[in-house]
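Peer 1: Quick one: this structure, given as structure tokens, is what I'll be asking you about.
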Amino acid sequence: MRVLMVSLECEGNVVSGNGTYAAAIRRAVIASGSQVHVICGRPRDGEEPAAGQDNDILWTPVSKWGRLNRESAWEEFATVSAAMHAGEVAALAPEVAISVDWTGTHALAALMAKMPDHVCRRLAVVHMNFRTYWLSDGLALDGEEALFYRVREAEAMGRADLSVALCRADKLAMESLSSTGDAPSTRASPDVGVLSPP
């Protein structure tokens, strides 16, 4: 199976649990016998990866590093990834796309907007929700910050054929998003699985 993984963090310069989880998922999918290509960010001012090192990784340089929240380079990651990698991804013709968190799903949507319809139509999308942002960082559920994350996470779920939460509590939170109308869905109500029950 040909798999595309899109994650702001995955390999090299990992600064959070999200990057650690993404790298572990990548290794597990490779071990299953699938061909995996990853689009992930790296600091623009960081060292270029060595030639031939991780040649299944398509690096996207970004201007901000060390954050995965609203202040991260999530929009830049999406725009630059689409500009740099859409043609190569279309040529790979992945069968499955795994997007990590709302930032990865936003970048995947930007990529798909630049790819031929016949590639996108047969692409199954799995949204891995490694952090439920609207419930973290002490955000007030009715505040503007929480709404920003609720909308982004609802959009990510709406673009996926399957969403996967880290635990049952996150699954319940994600399911509550799909019924609130925070963002329009582009697919039928997605199933939400759990990576690490309970």
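For the structure tokens, the naming scheme is as follows: chains receive sequential letters (A, B, ...) according to their order of presentation, residues are indexed from 1 within each chain, and ligands are indexed from 1 in presentation order.
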I'd like the neighbourhood of Ala91 (chain A) as a list in words, where a residue qualifies if any of its atoms comes within 12 Å (using only C-alpha atoms), though same-chain residues fewer than 4 positions away should be ignored.

Peer 2: Arg2, Leu4, His37, His85, Ala86, Gly87, Glu95, Met115, Pro116, His118, Val119 and Cys120 of chain A

Peer 1: For CA of Ile25 (chain A) and CA of Ser196 (chain A), determine how far apart the two atoms are, in Å to one decimal place.

Peer 2: 12.6 Å

Peer 1: Tell me, which residues of region 85-196 of chain A carry DSSP helix (DSSP H, G or I), written as a ChimeraX atom specification?

Peer 2: /A:85-92,101-113,117-121,133-135,144-158,168-178

Peer 1: Just asking: which residues within region 9-50 of chain A are strand (DSSP E) according to DSSP, as a PDB file with all heavy atoms, in the first residue's frame?

Peer 2:
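New file selection.pdb:
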ATOM      1  N   GLN A  35       4.542   1.223   1.641  1.00  0.00           N
ATOM      2  CA  GLN A  35       5.478   2.242   1.167  1.00  0.00           C
ATOM      3  C   GLN A  35       4.994   3.577   1.732  1.00  0.00           C
ATOM      4  O   GLN A  35       3.853   3.979   1.470  1.00  0.00           O
ATOM      5  CB  GLN A  35       5.482   2.275  -0.360  1.00  0.00           C
ATOM      6  CG  GLN A  35       6.336   3.350  -0.967  1.00  0.00           C
ATOM      7  CD  GLN A  35       6.137   3.464  -2.479  1.00  0.00           C
ATOM      8  OE1 GLN A  35       5.300   2.803  -3.064  1.00  0.00           O
ATOM      9  NE2 GLN A  35       6.905   4.343  -3.083  1.00  0.00           N
ATOM     10  N   VAL A  36       5.817   4.242   2.527  1.00  0.00           N
ATOM     11  CA  VAL A  36       5.402   5.463   3.211  1.00  0.00           C
ATOM     12  C   VAL A  36       6.269   6.634   2.767  1.00  0.00           C
ATOM     13  O   VAL A  36       7.493   6.541   2.771  1.00  0.00           O
ATOM     14  CB  VAL A  36       5.498   5.307   4.749  1.00  0.00           C
ATOM     15  CG1 VAL A  36       5.081   6.594   5.444  1.00  0.00           C
ATOM     16  CG2 VAL A  36       4.661   4.134   5.223  1.00  0.00           C
ATOM     17  N   HIS A  37       5.616   7.708   2.404  1.00  0.00           N
ATOM     18  CA  HIS A  37       6.290   8.976   2.151  1.00  0.00           C
ATOM     19  C   HIS A  37       5.708   9.991   3.124  1.00  0.00           C
ATOM     20  O   HIS A  37       4.496  10.013   3.339  1.00  0.00           O
ATOM     21  CB  HIS A  37       6.100   9.442   0.710  1.00  0.00           C
ATOM     22  CG  HIS A  37       6.939   8.666  -0.244  1.00  0.00           C
ATOM     23  ND1 HIS A  37       6.562   7.449  -0.742  1.00  0.00           N
ATOM     24  CD2 HIS A  37       8.148   8.925  -0.754  1.00  0.00           C
ATOM     25  CE1 HIS A  37       7.504   6.997  -1.541  1.00  0.00           C
ATOM     26  NE2 HIS A  37       8.486   7.868  -1.568  1.00  0.00           N
ATOM     27  N   VAL A  38       6.573  10.808   3.697  1.00  0.00           N
ATOM     28  CA  VAL A  38       6.168  11.756   4.716  1.00  0.00           C
ATOM     29  C   VAL A  38       6.481  13.171   4.254  1.00  0.00           C
ATOM     30  O   VAL A  38       7.569  13.431   3.737  1.00  0.00           O
ATOM     31  CB  VAL A  38       6.917  11.490   6.050  1.00  0.00           C
ATOM     32  CG1 VAL A  38       6.513  12.507   7.112  1.00  0.00           C
ATOM     33  CG2 VAL A  38       6.667  10.071   6.535  1.00  0.00           C
ATOM     34  N   ILE A  39       5.521  14.047   4.441  1.00  0.00           N
ATOM     35  CA  ILE A  39       5.783  15.479   4.301  1.00  0.00           C
ATOM     36  C   ILE A  39       5.817  16.021   5.715  1.00  0.00           C
ATOM     37  O   ILE A  39       4.846  15.887   6.462  1.00  0.00           O
ATOM     38  CB  ILE A  39       4.690  16.185   3.481  1.00  0.00           C
ATOM     39  CG1 ILE A  39       4.719  15.677   2.046  1.00  0.00           C
ATOM     40  CG2 ILE A  39       4.883  17.706   3.539  1.00  0.00           C
ATOM     41  CD1 ILE A  39       3.637  16.262   1.166  1.00  0.00           C
ATOM     42  N   CYS A  40       6.954  16.580   6.096  1.00  0.00           N
ATOM     43  CA  CYS A  40       7.043  17.160   7.436  1.00  0.00           C
ATOM     44  C   CYS A  40       7.895  18.425   7.395  1.00  0.00           C
ATOM     45  O   CYS A  40       8.682  18.635   6.481  1.00  0.00           O
ATOM     46  CB  CYS A  40       7.560  16.154   8.459  1.00  0.00           C
ATOM     47  SG  CYS A  40       9.272  15.730   8.366  1.00  0.00           S
ATOM     48  N   GLY A  41       7.673  19.237   8.409  1.00  0.00           N
ATOM     49  CA  GLY A  41       8.386  20.498   8.490  1.00  0.00           C
ATOM     50  C   GLY A  41       9.774  20.334   9.080  1.00  0.00           C
ATOM     51  O   GLY A  41      10.121  19.301   9.651  1.00  0.00           O
ATOM     52  N   ARG A  42      10.537  21.359   8.883  1.00  0.00           N
ATOM     53  CA  ARG A  42      11.843  21.485   9.523  1.00  0.00           C
ATOM     54  C   ARG A  42      12.128  22.977   9.621  1.00  0.00           C
ATOM     55  O   ARG A  42      11.599  23.768   8.839  1.00  0.00           O
ATOM     56  CB  ARG A  42      12.938  20.770   8.750  1.00  0.00           C
ATOM     57  CG  ARG A  42      13.275  21.392   7.418  1.00  0.00           C
ATOM     58  CD  ARG A  42      14.569  20.821   6.830  1.00  0.00           C
ATOM     59  NE  ARG A  42      14.915  21.481   5.598  1.00  0.00           N
ATOM     60  CZ  ARG A  42      15.494  22.678   5.509  1.00  0.00           C
ATOM     61  NH1 ARG A  42      15.792  23.363   6.591  1.00  0.00           N
ATOM     62  NH2 ARG A  42      15.775  23.213   4.339  1.00  0.00           N
ATOM     63  N   PRO A  43      12.936  23.382  10.599  1.00  0.00           N
ATOM     64  CA  PRO A  43      13.237  24.816  10.709  1.00  0.00           C
ATOM     65  C   PRO A  43      13.939  25.322   9.456  1.00  0.00           C
ATOM     66  O   PRO A  43      14.863  24.679   8.954  1.00  0.00           O
ATOM     67  CB  PRO A  43      14.169  24.898  11.918  1.00  0.00           C
ATOM     68  CG  PRO A  43      14.038  23.603  12.630  1.00  0.00           C
ATOM     69  CD  PRO A  43      13.595  22.590  11.616  1.00  0.00           C
TER      70      PRO A  43
END

Peer 1: Skip region 18-24 of chain A itself and residues of its chain fewer than 4 positions away, then list as a PyMOL selection string all residues within 10 Å of it, counting only C-alpha atoms.

Peer 2: chain A and resi 5-14+28-30+38+40+68+98-101+128-131+166

Peer 1: For Arg122 (chain A), find every residue with an atom within 9 Å (counting only C-alpha atoms), except residues of its own chain fewer than 5 positions away, and show them as a list in words.

Peer 2: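 Once the adjacent positions are removed, what remains is Pro94, Glu95, Val96 and Asp117 of chain A.
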
Peer 1: One number please: CA of Ala97 (chain A) to CA of Val126 (chain A), in Å, one decimal.

Peer 2: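 Interatomic distance, CA of Ala97 (chain A) to CA of Val126 (chain A): 6.1 Å.
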
Peer 1: Taking only C-alpha atoms into account, name the residue in A:Glu88, A:Arg159, A:Ser81, A:Gly193 that is nearest to Leu172 (chain A).

Peer 2: A:Gly193

Peer 1: For a quick check of understanding, using only C-alpha atoms, which of A:Lys114, A:Arg26, A:Lys64, A:Arg150 has the smallest distance to Val3 (chain A)?

Peer 2: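 Closest to Val3 (chain A) of all the choices is A:Arg26.
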